[in-house]
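Q: To start, I am sharing the structure in question, which I have written as structure tokens.
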Amino acid sequence: MSDTPPQTPDYDTMTRDIAEVPAVEVIVTVAVNLMSAAAVKLGLAPQEGVGDEHKDLDEARKLVTALAGLLDASATEISSFHAAPLRDGLKSLQLAFREASIVPDEPGQGPGEKYTGPVYG
């Protein structure tokens with residue numbers, strides 16, 4: 001155990017650090033975090049046996065929809081260099097959701113499809 005008290009966050013430094021990050025990087029980071037969380041909630045965790053433990057399709061639907069909304073809203077703000085792989089990842093998550101569902105949604109009714117349009121395999 002250390003005798004030093006826990007460090008309190010230096011909000012001025014944190015604000016300066018955030019101010020230096022380009023908006024595109026923030027958007028991409030948030031999108032990747034949403035993708036990762038959705039993958040875990042879809043049971044796609046990389047460790048064997050861990051996937052089913054965290055599978056929650058209701059939570060996955062929310063995350064995939066949020067990701068689709070973010071990508072739809074930011075499509076003109078980020079370059080296709082950044083947007084294309086994120087859209088591919090989103091489509092993969094939408095298809096994984098459809099596959100994981102006991103009763104799949106109708107085309108156009110799946111998570112995020114109000115932003116992307118119907119997703120087909």
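Every chain in the structure tokens has a letter given in the order shown (A, B, ...), and although residue numbers restart at 1 in each chain, ligands are simply numbered from 1 in the order shown.
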Would you tabulate, counting only C-alpha atoms, all residues of stretch 10-83 of chain A that have an atom at most 9 Å from an atom of stretch 100-120 of chain A, showing the closest pair of atoms and their distance in Å to one decimal, sorted by chain then ascending number, as JSON lines?

A:
```
{"residue": "A:Leu42", "atom": "CA", "partner": "A:Ala100", "partner_atom": "CA", "distance": 7.3}
{"residue": "A:Gly43", "atom": "CA", "partner": "A:Ala100", "partner_atom": "CA", "distance": 8.6}
{"residue": "A:Leu57", "atom": "CA", "partner": "A:Ser101", "partner_atom": "CA", "distance": 7.6}
{"residue": "A:Ala60", "atom": "CA", "partner": "A:Pro111", "partner_atom": "CA", "distance": 8.4}
{"residue": "A:Arg61", "atom": "CA", "partner": "A:Pro111", "partner_atom": "CA", "distance": 5.2}
{"residue": "A:Lys62", "atom": "CA", "partner": "A:Pro111", "partner_atom": "CA", "distance": 7.3}
{"residue": "A:Leu63", "atom": "CA", "partner": "A:Pro111", "partner_atom": "CA", "distance": 8.5}
{"residue": "A:Val64", "atom": "CA", "partner": "A:Pro111", "partner_atom": "CA", "distance": 5.8}
{"residue": "A:Thr65", "atom": "CA", "partner": "A:Gly112", "partner_atom": "CA", "distance": 3.9}
{"residue": "A:Ala66", "atom": "CA", "partner": "A:Gly112", "partner_atom": "CA", "distance": 7.2}
{"residue": "A:Leu67", "atom": "CA", "partner": "A:Gly112", "partner_atom": "CA", "distance": 7.5}
{"residue": "A:Ala68", "atom": "CA", "partner": "A:Gly112", "partner_atom": "CA", "distance": 5.0}
{"residue": "A:Gly69", "atom": "CA", "partner": "A:Tyr115", "partner_atom": "CA", "distance": 6.2}
{"residue": "A:Leu71", "atom": "CA", "partner": "A:Tyr115", "partner_atom": "CA", "distance": 8.7}
{"residue": "A:Asp72", "atom": "CA", "partner": "A:Tyr115", "partner_atom": "CA", "distance": 6.3}
```

Q: Just how far from atom CA of A:Ser92 is atom CA of A:Val26, in Å to one decimal?

A: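 Result for atom CA of A:Val26 versus atom CA of A:Ser92: 22.0 Å, one decimal.
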
Q: Taking 2 positions as the minimum chain separation for residues in the same chain, which residues sit within 12 Å of A:His82 when counting only C-alpha atoms? Answer as a compact mmCIF listing (two decimals) with all heavy atoms, in the first residue's frame.

A:
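Produced file around-v4.txt, reproduced below:
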```txt
# COMPACT_ATOMS: atom_id res chain seq x y z
N VAL A 24 -12.94 14.42 -35.63
CA VAL A 24 -13.04 13.15 -36.33
C VAL A 24 -12.53 12.01 -35.44
O VAL A 24 -13.14 10.94 -35.39
CB VAL A 24 -12.25 13.18 -37.66
CG1 VAL A 24 -12.13 11.81 -38.28
CG2 VAL A 24 -12.90 14.15 -38.63
N GLU A 25 -11.46 12.26 -34.72
CA GLU A 25 -10.91 11.24 -33.84
C GLU A 25 -11.86 10.92 -32.70
O GLU A 25 -12.02 9.76 -32.32
CB GLU A 25 -9.55 11.69 -33.30
CG GLU A 25 -8.79 10.59 -32.62
CD GLU A 25 -7.38 11.01 -32.24
OE1 GLU A 25 -6.74 11.76 -32.99
OE2 GLU A 25 -6.93 10.57 -31.16
N VAL A 26 -12.51 11.93 -32.16
CA VAL A 26 -13.48 11.71 -31.09
C VAL A 26 -14.65 10.88 -31.62
O VAL A 26 -15.08 9.90 -30.99
CB VAL A 26 -13.98 13.05 -30.50
CG1 VAL A 26 -15.12 12.81 -29.50
CG2 VAL A 26 -12.84 13.80 -29.84
N ILE A 27 -15.17 11.24 -32.79
CA ILE A 27 -16.30 10.51 -33.39
C ILE A 27 -15.93 9.06 -33.65
O ILE A 27 -16.68 8.14 -33.31
CB ILE A 27 -16.77 11.21 -34.69
CG1 ILE A 27 -17.37 12.57 -34.35
CG2 ILE A 27 -17.76 10.34 -35.46
CD1 ILE A 27 -17.58 13.48 -35.56
N VAL A 28 -14.77 8.83 -34.23
CA VAL A 28 -14.33 7.46 -34.53
C VAL A 28 -14.14 6.66 -33.24
O VAL A 28 -14.53 5.50 -33.16
CB VAL A 28 -13.04 7.47 -35.39
CG1 VAL A 28 -12.44 6.08 -35.50
CG2 VAL A 28 -13.35 8.02 -36.78
N THR A 29 -13.57 7.28 -32.22
CA THR A 29 -13.36 6.59 -30.95
C THR A 29 -14.69 6.19 -30.32
O THR A 29 -14.85 5.05 -29.85
CB THR A 29 -12.56 7.48 -29.98
OG1 THR A 29 -11.29 7.76 -30.56
CG2 THR A 29 -12.36 6.81 -28.64
N ALA A 31 -17.50 5.71 -31.91
CA ALA A 31 -18.07 4.66 -32.77
C ALA A 31 -17.44 3.31 -32.48
O ALA A 31 -18.14 2.29 -32.37
CB ALA A 31 -17.89 5.03 -34.25
N VAL A 32 -16.14 3.27 -32.33
CA VAL A 32 -15.45 2.00 -32.03
C VAL A 32 -15.87 1.47 -30.67
O VAL A 32 -16.09 0.26 -30.50
CB VAL A 32 -13.92 2.17 -32.14
CG1 VAL A 32 -13.19 0.97 -31.57
CG2 VAL A 32 -13.51 2.42 -33.58
N LEU A 71 -23.25 7.40 -36.97
CA LEU A 71 -22.65 7.34 -38.31
C LEU A 71 -23.49 8.11 -39.32
O LEU A 71 -22.95 8.78 -40.20
CB LEU A 71 -22.45 5.90 -38.75
CG LEU A 71 -21.42 5.11 -37.93
CD1 LEU A 71 -21.29 3.70 -38.46
CD2 LEU A 71 -20.08 5.81 -37.91
N SER A 74 -22.91 11.86 -38.66
CA SER A 74 -21.55 12.36 -38.88
C SER A 74 -20.98 12.00 -40.25
O SER A 74 -19.83 12.36 -40.55
CB SER A 74 -20.62 11.82 -37.79
OG SER A 74 -20.54 10.41 -37.84
N ALA A 75 -21.76 11.37 -41.09
CA ALA A 75 -21.25 10.90 -42.39
C ALA A 75 -20.62 12.01 -43.21
O ALA A 75 -19.59 11.80 -43.84
CB ALA A 75 -22.37 10.23 -43.18
N THR A 76 -21.21 13.19 -43.20
CA THR A 76 -20.64 14.28 -43.99
C THR A 76 -19.50 14.98 -43.26
O THR A 76 -18.78 15.76 -43.88
CB THR A 76 -21.72 15.32 -44.33
OG1 THR A 76 -22.26 15.84 -43.12
CG2 THR A 76 -22.82 14.70 -45.18
N GLU A 77 -19.33 14.68 -41.99
CA GLU A 77 -18.29 15.34 -41.20
C GLU A 77 -16.98 14.56 -41.18
O GLU A 77 -15.92 15.13 -40.93
CB GLU A 77 -18.77 15.55 -39.75
CG GLU A 77 -20.06 16.33 -39.64
CD GLU A 77 -19.97 17.73 -40.22
OE1 GLU A 77 -18.91 18.34 -40.14
OE2 GLU A 77 -20.99 18.20 -40.76
N ILE A 78 -17.06 13.26 -41.39
CA ILE A 78 -15.84 12.44 -41.40
C ILE A 78 -15.62 11.94 -42.81
O ILE A 78 -16.55 11.76 -43.58
CB ILE A 78 -15.90 11.28 -40.38
CG1 ILE A 78 -17.05 10.32 -40.67
CG2 ILE A 78 -16.05 11.82 -38.97
CD1 ILE A 78 -17.12 9.12 -39.75
N SER A 79 -14.40 11.73 -43.15
CA SER A 79 -14.08 11.30 -44.52
C SER A 79 -14.52 9.86 -44.76
O SER A 79 -14.73 9.10 -43.83
CB SER A 79 -12.58 11.41 -44.76
OG SER A 79 -11.89 10.46 -43.96
N SER A 80 -14.66 9.50 -46.02
CA SER A 80 -15.02 8.12 -46.35
C SER A 80 -13.93 7.16 -45.88
O SER A 80 -14.19 5.99 -45.63
CB SER A 80 -15.28 7.96 -47.84
OG SER A 80 -14.14 8.30 -48.58
N ALA A 84 -16.18 4.45 -44.13
CA ALA A 84 -16.40 3.16 -44.80
C ALA A 84 -16.19 1.96 -43.87
O ALA A 84 -17.06 1.08 -43.78
CB ALA A 84 -15.53 3.05 -46.05
N PRO A 85 -15.07 1.86 -43.14
CA PRO A 85 -14.91 0.70 -42.26
C PRO A 85 -15.91 0.69 -41.11
O PRO A 85 -16.34 -0.38 -40.66
CB PRO A 85 -13.47 0.80 -41.75
CG PRO A 85 -12.96 2.13 -42.13
CD PRO A 85 -13.86 2.67 -43.19
N LEU A 86 -16.31 1.87 -40.65
CA LEU A 86 -17.31 1.92 -39.58
C LEU A 86 -18.66 1.43 -40.09
O LEU A 86 -19.37 0.70 -39.40
CB LEU A 86 -17.42 3.35 -39.03
CG LEU A 86 -16.17 3.86 -38.29
CD1 LEU A 86 -16.34 5.34 -37.94
CD2 LEU A 86 -15.88 3.03 -37.05
N ARG A 87 -19.02 1.83 -41.32
CA ARG A 87 -20.28 1.34 -41.91
C ARG A 87 -20.23 -0.18 -42.11
O ARG A 87 -21.23 -0.87 -41.90
CB ARG A 87 -20.57 2.05 -43.22
CG ARG A 87 -21.16 3.44 -43.03
CD ARG A 87 -21.72 4.01 -44.32
NE ARG A 87 -20.71 4.17 -45.34
CZ ARG A 87 -20.04 5.29 -45.59
NH1 ARG A 87 -20.32 6.37 -44.89
NH2 ARG A 87 -19.13 5.35 -46.53
N ASP A 88 -19.08 -0.70 -42.52
CA ASP A 88 -18.94 -2.16 -42.68
C ASP A 88 -19.12 -2.86 -41.35
O ASP A 88 -19.79 -3.89 -41.26
CB ASP A 88 -17.57 -2.50 -43.28
CG ASP A 88 -17.42 -2.09 -44.72
OD1 ASP A 88 -18.44 -1.79 -45.38
OD2 ASP A 88 -16.26 -2.06 -45.20
N GLY A 89 -18.51 -2.30 -40.31
CA GLY A 89 -18.66 -2.88 -38.97
C GLY A 89 -20.09 -2.83 -38.49
O GLY A 89 -20.59 -3.79 -37.90
```

Q: When you draw a straight line from atom CA of A:Asn33 to atom CA of A:Asp10, how long is it in Å?

A: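 Separation of atom CA of A:Asn33 and atom CA of A:Asp10: 24.3 Å.
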
Q: Give me every alpha helix (DSSP H) residue in stretch 38-110 of chain A, going by DSSP on the backbone, as a PyMOL selection string.

A: chain A and resi 38-41+50-54+57-74+80-100

Q: Store the residues picked out above, limited to N, CA and C atoms, as a tab-separated table (two decimals), in the first residue's frame.

A:
```tsv
chain	number	residue	atom	x	y	z
A	38	ALA	N	-21.43	-3.34	-28.44
A	38	ALA	CA	-22.48	-4.09	-29.13
A	38	ALA	C	-22.03	-5.52	-29.41
A	39	ALA	N	-20.79	-5.69	-29.81
A	39	ALA	CA	-20.28	-7.04	-30.09
A	39	ALA	C	-20.33	-7.90	-28.83
A	40	VAL	N	-19.96	-7.34	-27.70
A	40	VAL	CA	-20.02	-8.10	-26.44
A	40	VAL	C	-21.47	-8.46	-26.13
A	41	LYS	N	-22.38	-7.50	-26.28
A	41	LYS	CA	-23.80	-7.75	-25.97
A	41	LYS	C	-24.43	-8.73	-26.97
A	50	VAL	N	-17.21	-16.76	-22.91
A	50	VAL	CA	-17.56	-15.46	-22.33
A	50	VAL	C	-18.72	-14.84	-23.08
A	51	GLY	N	-18.84	-15.10	-24.36
A	51	GLY	CA	-19.85	-14.47	-25.17
A	51	GLY	C	-21.26	-14.63	-24.65
A	52	ASP	N	-21.66	-15.86	-24.37
A	52	ASP	CA	-23.03	-16.11	-23.92
A	52	ASP	C	-23.31	-15.50	-22.55
A	53	GLU	N	-22.28	-15.39	-21.74
A	53	GLU	CA	-22.43	-14.84	-20.40
A	53	GLU	C	-22.89	-13.38	-20.44
A	54	HIS	N	-22.46	-12.64	-21.44
A	54	HIS	CA	-22.78	-11.21	-21.54
A	54	HIS	C	-23.81	-10.90	-22.61
A	57	LEU	N	-29.58	-9.09	-26.07
A	57	LEU	CA	-30.00	-8.52	-27.35
A	57	LEU	C	-30.72	-7.19	-27.20
A	58	ASP	N	-31.40	-6.97	-26.09
A	58	ASP	CA	-32.06	-5.69	-25.88
A	58	ASP	C	-31.00	-4.58	-25.77
A	59	GLU	N	-29.96	-4.83	-25.02
A	59	GLU	CA	-28.87	-3.87	-24.89
A	59	GLU	C	-28.13	-3.72	-26.23
A	60	ALA	N	-27.92	-4.81	-26.93
A	60	ALA	CA	-27.23	-4.76	-28.22
A	60	ALA	C	-28.01	-3.90	-29.21
A	61	ARG	N	-29.32	-4.05	-29.21
A	61	ARG	CA	-30.17	-3.24	-30.12
A	61	ARG	C	-29.95	-1.75	-29.88
A	62	LYS	N	-29.91	-1.35	-28.61
A	62	LYS	CA	-29.71	0.07	-28.28
A	62	LYS	C	-28.36	0.57	-28.77
A	63	LEU	N	-27.33	-0.24	-28.56
A	63	LEU	CA	-25.98	0.16	-28.96
A	63	LEU	C	-25.84	0.24	-30.48
A	64	VAL	N	-26.41	-0.74	-31.19
A	64	VAL	CA	-26.32	-0.74	-32.65
A	64	VAL	C	-27.11	0.45	-33.22
A	65	THR	N	-28.26	0.74	-32.64
A	65	THR	CA	-29.04	1.88	-33.09
A	65	THR	C	-28.30	3.19	-32.84
A	66	ALA	N	-27.67	3.31	-31.67
A	66	ALA	CA	-26.89	4.51	-31.37
A	66	ALA	C	-25.72	4.66	-32.35
A	67	LEU	N	-25.07	3.56	-32.66
A	67	LEU	CA	-23.96	3.59	-33.62
A	67	LEU	C	-24.46	4.03	-35.00
A	68	ALA	N	-25.58	3.47	-35.43
A	68	ALA	CA	-26.14	3.84	-36.73
A	68	ALA	C	-26.50	5.33	-36.77
A	69	GLY	N	-27.08	5.82	-35.69
A	69	GLY	CA	-27.44	7.24	-35.62
A	69	GLY	C	-26.21	8.13	-35.66
A	70	LEU	N	-25.17	7.75	-34.93
A	70	LEU	CA	-23.93	8.52	-34.94
A	70	LEU	C	-23.32	8.55	-36.32
A	71	LEU	N	-23.25	7.40	-36.97
A	71	LEU	CA	-22.65	7.34	-38.31
A	71	LEU	C	-23.49	8.11	-39.32
A	72	ASP	N	-24.80	8.03	-39.20
A	72	ASP	CA	-25.68	8.77	-40.11
A	72	ASP	C	-25.48	10.28	-39.92
A	73	ALA	N	-25.43	10.71	-38.68
A	73	ALA	CA	-25.31	12.14	-38.39
A	73	ALA	C	-23.93	12.69	-38.74
A	74	SER	N	-22.91	11.86	-38.66
A	74	SER	CA	-21.55	12.36	-38.88
A	74	SER	C	-20.98	12.00	-40.25
A	80	SER	N	-14.66	9.50	-46.02
A	80	SER	CA	-15.02	8.12	-46.35
A	80	SER	C	-13.93	7.16	-45.88
A	81	PHE	N	-12.69	7.65	-45.74
A	81	PHE	CA	-11.60	6.85	-45.20
A	81	PHE	C	-11.97	6.32	-43.83
A	82	HIS	N	-12.61	7.15	-43.01
A	82	HIS	CA	-13.04	6.74	-41.66
A	82	HIS	C	-14.42	6.10	-41.68
A	83	ALA	N	-15.30	6.63	-42.51
A	83	ALA	CA	-16.69	6.18	-42.49
A	83	ALA	C	-16.88	4.79	-43.06
A	84	ALA	N	-16.18	4.45	-44.13
A	84	ALA	CA	-16.40	3.16	-44.80
A	84	ALA	C	-16.19	1.96	-43.87
A	85	PRO	N	-15.07	1.86	-43.14
A	85	PRO	CA	-14.91	0.70	-42.26
A	85	PRO	C	-15.91	0.69	-41.11
A	86	LEU	N	-16.31	1.87	-40.65
A	86	LEU	CA	-17.31	1.92	-39.58
A	86	LEU	C	-18.66	1.43	-40.09
A	87	ARG	N	-19.02	1.83	-41.32
A	87	ARG	CA	-20.28	1.34	-41.91
A	87	ARG	C	-20.23	-0.18	-42.11
A	88	ASP	N	-19.08	-0.70	-42.52
A	88	ASP	CA	-18.94	-2.16	-42.68
A	88	ASP	C	-19.12	-2.86	-41.35
A	89	GLY	N	-18.51	-2.30	-40.31
A	89	GLY	CA	-18.66	-2.88	-38.97
A	89	GLY	C	-20.09	-2.83	-38.49
A	90	LEU	N	-20.76	-1.73	-38.76
A	90	LEU	CA	-22.17	-1.59	-38.39
A	90	LEU	C	-23.00	-2.65	-39.09
A	91	LYS	N	-22.79	-2.82	-40.38
A	91	LYS	CA	-23.56	-3.83	-41.12
A	91	LYS	C	-23.31	-5.23	-40.56
A	92	SER	N	-22.07	-5.52	-40.21
A	92	SER	CA	-21.75	-6.83	-39.63
A	92	SER	C	-22.49	-7.03	-38.31
A	93	LEU	N	-22.56	-5.98	-37.49
A	93	LEU	CA	-23.29	-6.08	-36.22
A	93	LEU	C	-24.79	-6.25	-36.47
A	94	GLN	N	-25.32	-5.53	-37.46
A	94	GLN	CA	-26.75	-5.67	-37.77
A	94	GLN	C	-27.06	-7.10	-38.23
A	95	LEU	N	-26.19	-7.66	-39.05
A	95	LEU	CA	-26.41	-9.03	-39.51
A	95	LEU	C	-26.25	-10.02	-38.37
A	96	ALA	N	-25.28	-9.79	-37.48
A	96	ALA	CA	-25.10	-10.67	-36.32
A	96	ALA	C	-26.31	-10.60	-35.40
A	97	PHE	N	-26.90	-9.42	-35.27
A	97	PHE	CA	-28.10	-9.27	-34.46
A	97	PHE	C	-29.23	-10.09	-35.06
A	98	ARG	N	-29.41	-9.97	-36.37
A	98	ARG	CA	-30.47	-10.71	-37.05
A	98	ARG	C	-30.28	-12.22	-36.84
A	99	GLU	N	-29.04	-12.66	-36.96
A	99	GLU	CA	-28.72	-14.09	-36.80
A	99	GLU	C	-28.94	-14.56	-35.36
A	100	ALA	N	-28.65	-13.70	-34.39
A	100	ALA	CA	-28.78	-14.07	-32.97
A	100	ALA	C	-30.23	-14.04	-32.48
```

Q: Would you mind reading off the distance between atom CA of A:Thr8 and atom CA of A:Ala23, one decimal, in Å?

A: 26.6 Å
